[in-house]
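Pasting input-v2.pdb here (PDB, C-alpha atoms):
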ATOM      1  CA  MET J  17       5.871 -13.693  -8.017
ATOM      2  CA  THR J  18       7.354 -11.030 -10.269
ATOM      3  CA  ASP J  19      10.629  -9.661  -8.931
ATOM      4  CA  VAL J  20      10.509  -5.968  -8.121
ATOM      5  CA  SER J  21      14.219  -5.712  -7.302
ATOM      6  CA  GLY J  22      15.562  -2.346  -8.367
ATOM      7  CA  GLU J  23      12.100  -0.866  -8.823
ATOM      8  CA  THR J  24      12.333   1.477  -5.864
ATOM      9  CA  PRO J  25       9.630   4.118  -6.368
ATOM     10  CA  ASP J  26      10.662   7.526  -7.605
ATOM     11  CA  THR J  27      10.033  10.228  -5.008
ATOM     12  CA  ASN J  28       9.199  13.023  -7.463
ATOM     13  CA  THR J  29       6.541  15.007  -5.626
ATOM     14  CA  ASN J  30       5.002  16.451  -8.781
ATOM     15  CA  THR J  31       3.960  13.160 -10.321
ATOM     16  CA  GLY J  32       0.514  11.766  -9.590
ATOM     17  CA  ALA J  33      -1.213  14.975  -8.481
ATOM     18  CA  ASN J  34      -3.395  17.393 -10.408
ATOM     19  CA  ALA J  35      -3.086  21.153 -10.622
ATOM     20  CA  ASN J  36      -4.976  21.566  -7.359
ATOM     21  CA  GLY J  37      -2.585  19.283  -5.534
ATOM     22  CA  ASP J  38      -5.212  16.558  -5.192
ATOM     23  CA  ALA J  39      -4.076  12.980  -5.497
ATOM     24  CA  ASN J  40      -4.587  11.281  -8.824
ATOM     25  CA  THR J  41      -7.313   8.673  -8.317
ATOM     26  CA  ASP J  42      -7.692   7.574 -11.919
ATOM     27  CA  ALA J  43      -9.898   4.481 -11.964
ATOM     28  CA  ASN J  44      -7.545   2.989 -14.545
ATOM     29  CA  ALA J  45      -4.508   3.283 -12.274
ATOM     30  CA  ASP J  46      -1.985   0.559 -13.039
ATOM     31  CA  VAL J  47      -1.386  -1.252  -9.757
ATOM     32  CA  THR J  48       1.120  -3.629 -11.350
ATOM     33  CA  VAL J  49       3.710  -0.864 -11.805
ATOM     34  CA  VAL J  50       5.945   0.509  -9.053
ATOM     35  CA  GLY J  51       5.849   4.237  -9.592
ATOM     36  CA  PRO J  52       6.120   7.511  -7.679
ATOM     37  CA  LEU J  53       4.156   8.015  -4.496
ATOM     38  CA  THR J  54       1.379  10.597  -4.568
ATOM     39  CA  GLU J  55       0.357  12.882  -1.741
ATOM     40  CA  LEU J  56      -1.996  11.248   0.731
ATOM     41  CA  ALA J  57      -5.115  12.599   2.342
ATOM     42  CA  ASP J  58      -4.527  13.464   5.993
ATOM     43  CA  ASP J  59      -6.823  10.666   7.086
ATOM     44  CA  ASP J  60      -4.843   8.036   5.187
ATOM     45  CA  LEU J  61      -1.467   9.295   6.375
ATOM     46  CA  GLU J  62      -2.648   9.455   9.972
ATOM     47  CA  LEU J  63      -3.884   5.863   9.813
ATOM     48  CA  LEU J  64      -0.683   4.614   8.191
ATOM     49  CA  LEU J  65       1.369   6.281  10.891
ATOM     50  CA  LEU J  66      -0.919   4.997  13.635
ATOM     51  CA  ILE J  67      -0.275   1.425  12.516
ATOM     52  CA  ARG J  68       3.464   2.031  12.109
ATOM     53  CA  HIS J  69       3.938   3.548  15.561
ATOM     54  CA  PHE J  70       1.605   1.051  17.216
ATOM     55  CA  GLU J  71       3.716  -1.806  15.885
ATOM     56  CA  ARG J  72       6.939  -0.104  16.914
ATOM     57  CA  LYS J  73       5.537   0.432  20.389
ATOM     58  CA  LEU J  74       4.722  -3.266  20.690
ATOM     59  CA  LEU J  75       8.313  -4.202  19.871
ATOM     60  CA  ASP J  76       9.548  -1.641  22.398
ATOM     61  CA  LEU J  77       7.255  -3.029  25.107
ATOM     62  CA  PHE J  78       8.417  -6.568  24.419
ATOM     63  CA  GLY J  79      12.015  -5.403  24.610
ATOM     64  CA  GLN J  80      11.287  -3.874  28.005
ATOM     65  CA  GLY J  81       9.701  -7.094  29.269
ATOM     66  CA  GLU J  82       6.264  -5.470  29.545
ATOM     67  CA  LEU J  83       4.467  -8.010  27.329
ATOM     68  CA  ASN J  84       4.187 -11.782  27.368
ATOM     69  CA  GLY J  85       3.709 -14.326  24.596
ATOM     70  CA  THR J  86       4.491 -13.223  21.069
ATOM     71  CA  THR J  87       3.364 -10.763  18.437
ATOM     72  CA  HIS J  88       3.745 -10.399  14.687
ATOM     73  CA  THR J  89       4.040  -6.858  13.368
ATOM     74  CA  CYS J  90       3.108  -5.684   9.881
ATOM     75  CA  LEU J  91       5.864  -3.080   9.563
ATOM     76  CA  GLY J  92       6.205  -2.225   5.866
ATOM     77  CA  GLN J  93       2.811  -3.682   4.943
ATOM     78  CA  GLU J  94       0.584  -1.014   6.521
ATOM     79  CA  TYR J  95      -0.498   0.416   3.165
ATOM     80  CA  VAL J  96      -2.322  -2.797   2.200
ATOM     81  CA  PRO J  97      -5.275  -2.577   4.629
ATOM     82  CA  VAL J  98      -5.267   1.224   4.454
ATOM     83  CA  SER J  99      -5.695   1.051   0.672
ATOM     84  CA  LEU J 100      -8.605  -1.361   1.048
ATOM     85  CA  ARG J 101     -10.250   0.459   3.961
ATOM     86  CA  PRO J 102     -12.835   2.589   2.083
ATOM     87  CA  LEU J 103     -13.534  -0.244  -0.362
ATOM     88  CA  LEU J 104     -14.874  -2.372   2.503
ATOM     89  CA  GLU J 105     -18.203  -1.684   4.196
ATOM     90  CA  ASP J 106     -19.339  -2.211   7.779
ATOM     91  CA  ARG J 107     -21.573  -5.064   6.643
ATOM     92  CA  ASP J 108     -18.635  -6.932   5.092
ATOM     93  CA  PHE J 109     -16.888  -9.704   6.997
ATOM     94  CA  VAL J 110     -13.116  -9.377   7.421
ATOM     95  CA  PHE J 111     -10.939 -12.372   8.292
ATOM     96  CA  SER J 112      -7.422 -11.559   9.413
ATOM     97  CA  ASN J 113      -4.379 -13.612  10.342
ATOM     98  CA  HIS J 114      -1.514 -13.701  12.845
ATOM     99  CA  ARG J 115      -0.047 -10.476  11.387
ATOM    100  CA  GLY J 116      -3.298  -8.586  11.704
ATOM    101  CA  HIS J 117      -2.861  -5.463  13.832
ATOM    102  CA  GLY J 118      -2.977  -3.259  10.739
ATOM    103  CA  HIS J 119      -6.129  -4.979   9.545
ATOM    104  CA  TYR J 120      -7.816  -4.365  12.901
ATOM    105  CA  LEU J 121      -6.715  -0.746  13.200
ATOM    106  CA  SER J 122      -7.814   0.004   9.638
ATOM    107  CA  ARG J 123     -11.210  -1.446  10.449
ATOM    108  CA  PHE J 124     -11.831   0.106  13.874
ATOM    109  CA  ARG J 125      -9.131   2.719  14.643
ATOM    110  CA  ASP J 126      -9.047   1.381  18.185
ATOM    111  CA  PRO J 127      -5.399   1.280  19.290
ATOM    112  CA  ALA J 128      -6.286   1.454  22.992
ATOM    113  CA  GLY J 129      -8.627  -1.536  22.813
ATOM    114  CA  LEU J 130      -6.124  -3.599  20.830
ATOM    115  CA  LEU J 131      -3.183  -2.725  23.070
ATOM    116  CA  ALA J 132      -5.299  -3.490  26.141
ATOM    117  CA  GLU J 133      -6.082  -6.888  24.613
ATOM    118  CA  ILE J 134      -2.412  -7.624  24.033
ATOM    119  CA  MET J 135      -1.464  -6.400  27.526
ATOM    120  CA  GLY J 136      -4.444  -8.049  29.243
ATOM    121  CA  ARG J 137      -5.783  -4.774  30.652
ATOM    122  CA  GLU J 138      -9.191  -3.208  31.204
ATOM    123  CA  GLY J 139     -10.855  -2.148  27.964
ATOM    124  CA  ALA J 140      -9.465  -5.136  26.036
ATOM    125  CA  VAL J 141     -11.417  -6.086  22.926
ATOM    126  CA  CYS J 142     -11.842  -9.703  24.059
ATOM    127  CA  SER J 143     -11.214  -9.306  27.787
ATOM    128  CA  GLY J 144      -7.568 -10.202  27.270
ATOM    129  CA  VAL J 145      -8.150 -13.837  26.293
ATOM    130  CA  GLY J 146      -7.414 -13.391  22.566
ATOM    131  CA  GLY J 147      -4.093 -11.612  22.805
ATOM    132  CA  SER J 148      -2.263 -10.456  19.710
ATOM    133  CA  GLN J 149      -3.540 -13.037  17.214
ATOM    134  CA  HIS J 150      -7.124 -14.000  18.080
ATOM    135  CA  ILE J 151      -9.552 -11.100  17.934
ATOM    136  CA  LEU J 152     -13.331 -11.179  17.482
ATOM    137  CA  ARG J 153     -15.269  -7.976  17.075
ATOM    138  CA  ASP J 154     -18.480  -7.493  15.131
ATOM    139  CA  ARG J 155     -17.770  -8.964  11.677
ATOM    140  CA  TYR J 156     -14.009  -9.107  12.160
ATOM    141  CA  LEU J 157     -12.092 -12.228  13.155
ATOM    142  CA  SER J 158      -8.362 -12.927  13.276
ATOM    143  CA  THR J 159      -6.674 -16.275  13.830
ATOM    144  CA  GLY J 160      -3.137 -17.598  14.073
ATOM    145  CA  VAL J 161      -4.066 -20.857  12.342
ATOM    146  CA  GLN J 162      -2.716 -20.626   8.807
ATOM    147  CA  GLY J 163      -5.261 -21.071   6.032
ATOM    148  CA  GLN J 164      -8.179 -21.958   8.257
ATOM    149  CA  SER J 165      -9.923 -18.610   7.858
ATOM    150  CA  LEU J 166     -10.651 -19.190   4.160
ATOM    151  CA  PRO J 167     -13.181 -22.044   4.551
ATOM    152  CA  VAL J 168     -14.941 -20.011   7.243
ATOM    153  CA  ALA J 169     -14.845 -16.983   4.956
ATOM    154  CA  VAL J 170     -16.576 -18.970   2.220
ATOM    155  CA  GLY J 171     -19.281 -19.954   4.691
ATOM    156  CA  ALA J 172     -19.697 -16.332   5.732
ATOM    157  CA  GLY J 173     -19.935 -15.397   2.057
ATOM    158  CA  LEU J 174     -22.751 -17.879   1.532
ATOM    159  CA  HIS J 175     -24.506 -16.325   4.500
ATOM    160  CA  GLN J 176     -24.091 -12.895   2.918
ATOM    161  CA  LEU J 177     -25.614 -14.100  -0.341
ATOM    162  CA  ARG J 178     -28.757 -15.208   1.465
ATOM    163  CA  THR J 179     -29.136 -12.380   3.947
ATOM    164  CA  ASP J 180     -27.398  -9.297   2.550
ATOM    165  CA  PRO J 181     -26.768  -9.394  -1.227
ATOM    166  CA  GLY J 182     -24.037  -6.978  -2.239
ATOM    167  CA  ALA J 183     -21.948  -7.551   0.873
ATOM    168  CA  LEU J 184     -18.638  -9.368   0.567
ATOM    169  CA  VAL J 185     -16.039 -11.214   2.626
ATOM    170  CA  CYS J 186     -12.385 -10.151   2.691
ATOM    171  CA  ALA J 187      -9.761 -12.641   3.874
ATOM    172  CA  PHE J 188      -6.137 -11.617   4.425
ATOM    173  CA  ILE J 189      -3.559 -14.381   3.981
ATOM    174  CA  GLY J 190       0.180 -14.572   3.354
ATOM    175  CA  ASP J 191       2.308 -16.343   0.765
ATOM    176  CA  GLY J 192       3.130 -19.124   3.247
ATOM    177  CA  THR J 193      -0.555 -19.961   3.596
ATOM    178  CA  TRP J 194      -0.613 -21.372   0.074
ATOM    179  CA  GLY J 195       0.875 -24.592   1.413
ATOM    180  CA  GLU J 196      -2.388 -25.372   3.235
ATOM    181  CA  GLY J 197      -4.926 -27.691   1.604
ATOM    182  CA  ALA J 198      -7.820 -25.773   3.158
ATOM    183  CA  VAL J 199      -6.956 -22.832   0.897
ATOM    184  CA  TYR J 200      -7.664 -24.849  -2.241
ATOM    185  CA  GLU J 201     -10.827 -26.429  -0.884
ATOM    186  CA  ALA J 202     -12.086 -22.932  -0.074
ATOM    187  CA  LEU J 203     -11.190 -21.508  -3.488
ATOM    188  CA  ASN J 204     -12.903 -24.426  -5.196
ATOM    189  CA  MET J 205     -16.126 -23.858  -3.259
ATOM    190  CA  ALA J 206     -15.980 -20.080  -3.658
ATOM    191  CA  GLN J 207     -15.827 -20.340  -7.436
ATOM    192  CA  LEU J 208     -18.366 -23.146  -7.729
ATOM    193  CA  TRP J 209     -20.890 -21.361  -5.555
ATOM    194  CA  ARG J 210     -20.069 -17.829  -6.789
ATOM    195  CA  VAL J 211     -19.212 -16.495  -3.354
ATOM    196  CA  PRO J 212     -18.342 -12.763  -3.074
ATOM    197  CA  LEU J 213     -14.873 -13.450  -1.659
ATOM    198  CA  LEU J 214     -11.902 -11.085  -1.825
ATOM    199  CA  VAL J 215      -8.631 -12.851  -0.992
ATOM    200  CA  ALA J 216      -5.954 -10.282  -0.138
ATOM    201  CA  VAL J 217      -2.560 -11.995  -0.327
ATOM    202  CA  GLU J 218       0.247 -10.115   1.402
ATOM    203  CA  HIS J 219       3.195 -11.692  -0.370
ATOM    204  CA  ASN J 220       6.296 -10.518   1.476
ATOM    205  CA  GLY J 221       8.472 -13.300   0.069
ATOM    206  CA  ILE J 222       9.193 -15.157   3.284
ATOM    207  CA  ALA J 223       7.075 -17.509   5.388
ATOM    208  CA  GLN J 224       8.514 -17.102   8.892
ATOM    209  CA  SER J 225      12.055 -18.118   7.910
ATOM    210  CA  THR J 226      11.485 -19.896   4.587
ATOM    211  CA  PRO J 227      11.795 -17.926   1.316
ATOM    212  CA  ALA J 228       8.835 -18.267  -1.014
ATOM    213  CA  GLU J 229      10.949 -19.833  -3.752
ATOM    214  CA  ALA J 230      11.841 -22.662  -1.362
ATOM    215  CA  ASN J 231       8.267 -23.609  -0.492
ATOM    216  CA  MET J 232       6.056 -22.598  -3.426
ATOM    217  CA  ALA J 233       5.976 -24.333  -6.799
ATOM    218  CA  GLY J 234       4.402 -22.223  -9.515
ATOM    219  CA  THR J 235       2.706 -18.897  -8.823
ATOM    220  CA  ILE J 236      -0.289 -17.570  -6.945
ATOM    221  CA  GLU J 237      -1.668 -16.318 -10.242
ATOM    222  CA  GLY J 238      -1.452 -19.816 -11.687
ATOM    223  CA  ARG J 239      -3.170 -21.334  -8.673
ATOM    224  CA  ALA J 240      -6.052 -18.873  -8.900
ATOM    225  CA  ALA J 241      -6.322 -19.582 -12.632
ATOM    226  CA  ALA J 242      -6.649 -23.306 -11.947
ATOM    227  CA  PHE J 243     -10.011 -22.575 -10.340
ATOM    228  CA  GLY J 244     -11.021 -19.980 -12.907
ATOM    229  CA  ILE J 245     -10.775 -17.236 -10.294
ATOM    230  CA  ARG J 246      -9.880 -13.697 -11.294
ATOM    231  CA  TYR J 247      -6.469 -12.438 -10.213
ATOM    232  CA  GLN J 248      -4.847  -9.043  -9.821
ATOM    233  CA  ARG J 249      -1.224  -8.303  -9.016
ATOM    234  CA  VAL J 250      -0.441  -5.154  -7.007
ATOM    235  CA  ALA J 251       3.165  -3.966  -6.993
ATOM    236  CA  SER J 252       2.547  -0.298  -6.183
ATOM    237  CA  LEU J 253       3.130   1.105  -2.694
ATOM    238  CA  ASP J 254       0.961   4.133  -3.411
ATOM    239  CA  VAL J 255      -2.320   4.076  -1.492
ATOM    240  CA  ASN J 256      -4.095   6.279  -4.014
ATOM    241  CA  ALA J 257      -3.070   4.165  -7.023
ATOM    242  CA  VAL J 258      -3.817   0.866  -5.304
ATOM    243  CA  ARG J 259      -7.243   1.997  -4.153
ATOM    244  CA  ALA J 260      -8.196   3.425  -7.526
ATOM    245  CA  GLY J 261      -7.037   0.327  -9.366
ATOM    246  CA  LEU J 262      -8.842  -2.099  -7.060
ATOM    247  CA  ALA J 263     -12.102  -0.169  -6.639
ATOM    248  CA  PRO J 264     -13.793  -1.464  -9.834
ATOM    249  CA  LEU J 265     -12.581  -5.015  -9.158
ATOM    250  CA  VAL J 266     -13.944  -5.023  -5.621
ATOM    251  CA  ARG J 267     -17.215  -3.636  -6.945
ATOM    252  CA  GLU J 268     -17.416  -6.597  -9.321
ATOM    253  CA  VAL J 269     -16.930  -8.992  -6.406
ATOM    254  CA  ARG J 270     -20.054  -7.487  -4.859
ATOM    255  CA  GLU J 271     -22.189  -7.117  -7.933
ATOM    256  CA  GLN J 272     -21.214 -10.216  -9.910
ATOM    257  CA  ARG J 273     -20.638 -12.575  -6.950
ATOM    258  CA  SER J 274     -17.219 -13.206  -8.391
ATOM    259  CA  PRO J 275     -14.252 -14.293  -6.219
ATOM    260  CA  LEU J 276     -11.042 -12.320  -6.639
ATOM    261  CA  VAL J 277      -7.459 -13.008  -5.567
ATOM    262  CA  VAL J 278      -5.320  -9.885  -5.155
ATOM    263  CA  GLU J 279      -1.600 -10.466  -4.675
ATOM    264  CA  PHE J 280       0.193  -7.556  -2.997
ATOM    265  CA  VAL J 281       3.931  -7.643  -3.675
ATOM    266  CA  THR J 282       5.025  -6.235  -0.352
ATOM    267  CA  HIS J 283       7.988  -6.191   2.017
ATOM    268  CA  ARG J 284       8.132  -7.004   5.714
ATOM    269  CA  ILE J 285      10.453  -4.530   7.433
ATOM    270  CA  GLY J 286      10.253  -6.030  10.910
ATOM    271  CA  PRO J 287      10.993  -9.517  12.249
ATOM    272  CA  HIS J 288       8.729 -12.517  11.832
ATOM    273  CA  SER J 289       7.548 -12.221  15.417
ATOM    274  CA  LYS J 290       8.904 -10.062  18.199
ATOM    275  CA  GLY J 291      12.572 -10.666  17.499
ATOM    276  CA  ASP J 292      13.401 -13.498  15.126
ATOM    277  CA  ASP J 293      14.643 -12.661  11.645
ATOM    278  CA  THR J 294      16.782 -14.985   9.534
ATOM    279  CA  ARG J 295      17.224 -12.709   6.523
ATOM    280  CA  THR J 296      20.615 -11.447   5.402
ATOM    281  CA  ARG J 297      21.698  -7.810   5.672
ATOM    282  CA  GLU J 298      21.243  -7.462   1.944
ATOM    283  CA  GLN J 299      17.690  -8.805   2.080
ATOM    284  CA  LEU J 300      16.784  -6.516   4.954
ATOM    285  CA  ALA J 301      18.297  -3.540   3.130
ATOM    286  CA  HIS J 302      16.225  -4.401   0.046
ATOM    287  CA  ALA J 303      13.059  -4.494   2.149
ATOM    288  CA  ARG J 304      13.859  -1.111   3.709
ATOM    289  CA  GLU J 305      14.398   0.374   0.244
ATOM    290  CA  HIS J 306      10.752  -0.448  -0.466
ATOM    291  CA  ASP J 307       9.378   0.956   2.780
ATOM    292  CA  TRP J 308       6.546   3.403   2.113
ATOM    293  CA  TYR J 309       7.409   5.221   5.383
ATOM    294  CA  ARG J 310      10.894   6.207   4.255
ATOM    295  CA  LEU J 311       9.813   6.935   0.697
ATOM    296  CA  TYR J 312       6.880   9.134   1.712
ATOM    297  CA  ALA J 313       9.044  11.058   4.175
ATOM    298  CA  ALA J 314      11.451  11.821   1.326
ATOM    299  CA  ALA J 315       8.712  12.710  -1.173
ATOM    300  CA  PHE J 316       6.537  14.882   1.078
ATOM    301  CA  PRO J 317       8.691  15.904   4.060
ATOM    302  CA  GLU J 318       6.458  18.706   5.344
ATOM    303  CA  HIS J 319       3.270  16.656   5.209
ATOM    304  CA  PHE J 320       5.022  13.663   6.742
ATOM    305  CA  GLU J 321       6.660  15.592   9.573
ATOM    306  CA  SER J 322       3.448  17.418  10.463
ATOM    307  CA  TRP J 323       1.783  14.093  11.285
ATOM    308  CA  ASP J 324       4.585  11.718  12.252
ATOM    309  CA  SER J 325       5.582  13.251  15.574
ATOM    310  CA  LYS J 326       1.948  13.906  16.478
ATOM    311  CA  VAL J 327       0.854  10.302  15.942
ATOM    312  CA  ARG J 328       3.973   8.949  17.659
ATOM    313  CA  ALA J 329       3.124  11.039  20.743
ATOM    314  CA  GLU J 330      -0.485   9.839  20.686
ATOM    315  CA  VAL J 331       0.620   6.202  20.644
ATOM    316  CA  ASP J 332       3.047   6.851  23.513
ATOM    317  CA  GLU J 333       0.222   8.356  25.560
ATOM    318  CA  ILE J 334      -2.096   5.435  24.789
ATOM    319  CA  ALA J 335       0.592   3.004  25.912
ATOM    320  CA  ARG J 336       1.069   4.870  29.204
ATOM    321  CA  ASP J 337      -2.674   4.901  29.820
ATOM    322  CA  VAL J 338      -3.205   1.214  29.044
ATOM    323  CA  ALA J 339      -0.189   0.116  31.098
ATOM    324  CA  GLY J 340      -1.692   1.842  34.131
ATOM    325  CA  ARG J 341      -5.029   0.035  33.913
ATOM    326  CA  SER J 342      -6.149  -2.885  36.042
ATOM    327  CA  PRO J 343      -5.981  -6.420  34.638
ATOM    328  CA  ALA J 344      -8.824  -7.367  32.300
ATOM    329  CA  VAL J 345     -11.579  -9.626  33.626
ATOM    330  CA  TRP J 346     -13.330 -12.143  31.373
ATOM    331  CA  SER J 347     -16.869 -10.954  30.687
ATOM    332  CA  GLY J 348     -18.091 -14.008  28.794
ATOM    333  CA  SER J 349     -18.064 -12.350  25.379
ATOM    334  CA  CYS J 350     -16.036 -10.134  23.081
ATOM    335  CA  ALA J 351     -16.943  -6.557  22.194
TER     336      ALA J 351
END
Go through the file and emit its structure as structure tokens.
Amino acid sequence: MTDVSGETPDTNTNTGANANGDANTDANADVTVVGPLTELADDDLELLLLIRHFERKLLDLFGQGELNGTTHTCLGQEYVPVSLRPLLEDRDFVFSNHRGHGHYLSRFRDPAGLLAEIMGREGAVCSGVGGSQHILRDRYLSTGVQGQSLPVAVGAGLHQLRTDPGALVCAFIGDGTWGEGAVYEALNMAQLWRVPLLVAVEHNGIAQSTPAEANMAGTIEGRAAAFGIRYQRVASLDVNAVRAGLAPLVREVREQRSPLVVEFVTHRIGPHSKGDDTRTREQLAHAREHDWYRLYAAAFPEHFESWDSKVRAEVDEIARDVAGRSPAVWSGSCA
């Protein structure tokens, strides 16, 4: 993994937009470079803030003793699924992981259903039996079992080839997942069988409490290359640049039945789960320096403020509503 220390994005508001104020969506955008953030469409900013405040609300509820079990927030990583959102179609399969709330919300924009699932209340996506980590809805599945989604994703990709050519499978995994043998078996089959598989790697540099350099020999790029699989590194935090840079690559996954590994160099702002964090103050400060939330607020204060308080209030209201519902009852199936 290339070190991005000291590459905090510039917050110059004039860079990356055209004369009309529209975001620069150049198809040749360099997603390997950390550069200035560009102004977001309202829809993208609203979704980013929805995920951010949803995750914050979960931590608040746990702190108040309102939730049981555990949860893993994606604070700091919200821009990854939001960038990919319009590049994925309804017919595509999406496989998420234990840190998947942002993936789900980007797919369905259903904070009430997800919170009800986590709280075990009426309206829960899976009647409250899946909780925070195990969600099944339509062609979306999340699991807390590291690495095990990739073999299933390959199988789903083979199904797509036979029944719906042009559809793809997207699997989100973390850097810690690369210690699982199932990952390499899946990559081998995906390349051999030309499966339309997009592997989105959210590399935040720490697997629970173990730094990547202490548990990973070599690089993710090198491991993809060993199977002849295409690889793309994404260091930018800018949704517009990331989306523009990945759009032609994702299109090739569909059209050429060509697997692709995309490594997002990202930073986890929150704890591993609801409270545990073994990082030093310096490491946490470095992560916060690369937080899109803080950087966008500084770059576009008026746009940010016009949406931030609104979305925060909406999430608060959803939490009050869900908390007042009756307990969920198992219906025999998920939504």
Residue members of the PyMOL selection byres ((chain J and resi 167) around 8) in the file shown, as a list in words: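 Matching residues under the PyMOL selection byres ((chain J and resi 167) around 8) are Gln164, Ser165, Leu166, Val168, Ala169, Val170, Gly171, Ala198, Val199, Glu201 and Ala202 of chain J.
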Report as an mmCIF file with C-alpha atoms, in the coordinates of the input the residues that result from applying the PyMOL selection byres ((chain J and resi 311) around 10) to the structure here.
data_model
loop_
_atom_site.group_PDB
_atom_site.id
_atom_site.type_symbol
_atom_site.label_atom_id
_atom_site.label_comp_id
_atom_site.auth_asym_id
_atom_site.auth_seq_id
_atom_site.Cartn_x
_atom_site.Cartn_y
_atom_site.Cartn_z
ATOM 1 C CA THR J 24 12.333 1.477 -5.864
ATOM 2 C CA PRO J 25 9.630 4.118 -6.368
ATOM 3 C CA ASP J 26 10.662 7.526 -7.605
ATOM 4 C CA THR J 27 10.033 10.228 -5.008
ATOM 5 C CA PRO J 52 6.120 7.511 -7.679
ATOM 6 C CA LEU J 53 4.156 8.015 -4.496
ATOM 7 C CA LEU J 253 3.130 1.105 -2.694
ATOM 8 C CA ARG J 304 13.859 -1.111 3.709
ATOM 9 C CA GLU J 305 14.398 0.374 0.244
ATOM 10 C CA HIS J 306 10.752 -0.448 -0.466
ATOM 11 C CA ASP J 307 9.378 0.956 2.780
ATOM 12 C CA TRP J 308 6.546 3.403 2.113
ATOM 13 C CA TYR J 309 7.409 5.221 5.383
ATOM 14 C CA ARG J 310 10.894 6.207 4.255
ATOM 15 C CA TYR J 312 6.880 9.134 1.712
ATOM 16 C CA ALA J 313 9.044 11.058 4.175
ATOM 17 C CA ALA J 314 11.451 11.821 1.326
ATOM 18 C CA ALA J 315 8.712 12.710 -1.173
ATOM 19 C CA PHE J 316 6.537 14.882 1.078
ATOM 20 C CA PRO J 317 8.691 15.904 4.060
#
Output of the PyMOL selection byres ((chain J and resi 63-68) around 8), listed as a list of chain:residue names: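 After applying the PyMOL selection byres ((chain J and resi 63-68) around 8), what remains is J:Asp59, J:Asp60, J:Leu61, J:Glu62, J:His69, J:Phe70, J:Glu71, J:Arg72, J:Leu91, J:Glu94, J:Tyr95, J:Val98, J:His117, J:Gly118, J:Leu121, J:Ser122, J:Arg125, J:Trp323, J:Asp324, J:Val327, J:Arg328, J:Val331.
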Prev. selection, C-alpha atoms, output as a tab-separated table (two decimals), in the frame of the given file:
chain	number	residue	atom	x	y	z
J	59	ASP	CA	-6.82	10.67	7.09
J	60	ASP	CA	-4.84	8.04	5.19
J	61	LEU	CA	-1.47	9.30	6.38
J	62	GLU	CA	-2.65	9.46	9.97
J	69	HIS	CA	3.94	3.55	15.56
J	70	PHE	CA	1.60	1.05	17.22
J	71	GLU	CA	3.72	-1.81	15.88
J	72	ARG	CA	6.94	-0.10	16.91
J	91	LEU	CA	5.86	-3.08	9.56
J	94	GLU	CA	0.58	-1.01	6.52
J	95	TYR	CA	-0.50	0.42	3.16
J	98	VAL	CA	-5.27	1.22	4.45
J	117	HIS	CA	-2.86	-5.46	13.83
J	118	GLY	CA	-2.98	-3.26	10.74
J	121	LEU	CA	-6.72	-0.75	13.20
J	122	SER	CA	-7.81	0.00	9.64
J	125	ARG	CA	-9.13	2.72	14.64
J	323	TRP	CA	1.78	14.09	11.28
J	324	ASP	CA	4.58	11.72	12.25
J	327	VAL	CA	0.85	10.30	15.94
J	328	ARG	CA	3.97	8.95	17.66
J	331	VAL	CA	0.62	6.20	20.64
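Computed from the coordinates, the atom CA of J:Leu157 to atom CA of J:Asp76 distance equals 25.8 Å.
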Using all atoms listed in the file, find each residue of stretch 242-316 of chain J with at least one atom at most 12 Å away from an atom of stretch 175-179 of chain J; report its shortest atom-to-atom pair and that distance in Å (one decimal), sort the rows by chain and rising residue number, and return the result as a tab-separated table.
residue	atom	partner	partner_atom	distance
J:Val269	CA	J:Leu177	CA	11.8
J:Arg270	CA	J:Leu177	CA	9.7
J:Glu271	CA	J:Leu177	CA	10.9
J:Gln272	CA	J:Leu177	CA	11.2
J:Arg273	CA	J:Leu177	CA	8.4
J:Ser274	CA	J:Leu177	CA	11.7
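Counting only C-alpha atoms, the residue from J:Arg107, J:His319, J:Arg153, J:Arg137 that sits nearest to J:Tyr120 is J:Arg153.
The space separating atom CA of J:Gly160 from atom CA of J:Val141 comes to 16.7 Å.
Shortest separation to J:Val255 among J:Val145, J:Val96, J:Thr87, J:Val50 occurs at residue J:Val96, atoms counted being all atoms listed in the file.
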Ref. answer, residues at most 10 Å from (-14.7, -8.5, 33.1) with all atoms listed in the file, as a VMD selection string: chain J and resid 137 to 140 142 to 144 343 to 349
For the selection just defined, write its residues with C-alpha atoms to a file, as a PDB file, in the coordinates of the input.
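So part.pdb came out as:
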ATOM      1  CA  ARG J 137      -5.783  -4.774  30.652  1.00  0.00           C
ATOM      2  CA  GLU J 138      -9.191  -3.208  31.204  1.00  0.00           C
ATOM      3  CA  GLY J 139     -10.855  -2.148  27.964  1.00  0.00           C
ATOM      4  CA  ALA J 140      -9.465  -5.136  26.036  1.00  0.00           C
ATOM      5  CA  CYS J 142     -11.842  -9.703  24.059  1.00  0.00           C
ATOM      6  CA  SER J 143     -11.214  -9.306  27.787  1.00  0.00           C
ATOM      7  CA  GLY J 144      -7.568 -10.202  27.270  1.00  0.00           C
ATOM      8  CA  PRO J 343      -5.981  -6.420  34.638  1.00  0.00           C
ATOM      9  CA  ALA J 344      -8.824  -7.367  32.300  1.00  0.00           C
ATOM     10  CA  VAL J 345     -11.579  -9.626  33.626  1.00  0.00           C
ATOM     11  CA  TRP J 346     -13.330 -12.143  31.373  1.00  0.00           C
ATOM     12  CA  SER J 347     -16.869 -10.954  30.687  1.00  0.00           C
ATOM     13  CA  GLY J 348     -18.091 -14.008  28.794  1.00  0.00           C
ATOM     14  CA  SER J 349     -18.064 -12.350  25.379  1.00  0.00           C
TER      15      SER J 349
END
Quick one: 3 Å padding each side, axis-aligned, all listed atoms of stretch 275-278 of chain J - centre and edge lengths in Å to one decimal, as JSON?
{"center_x": -9.8, "center_y": -12.1, "center_z": -5.9, "size_x": 14.9, "size_y": 10.4, "size_z": 7.5}
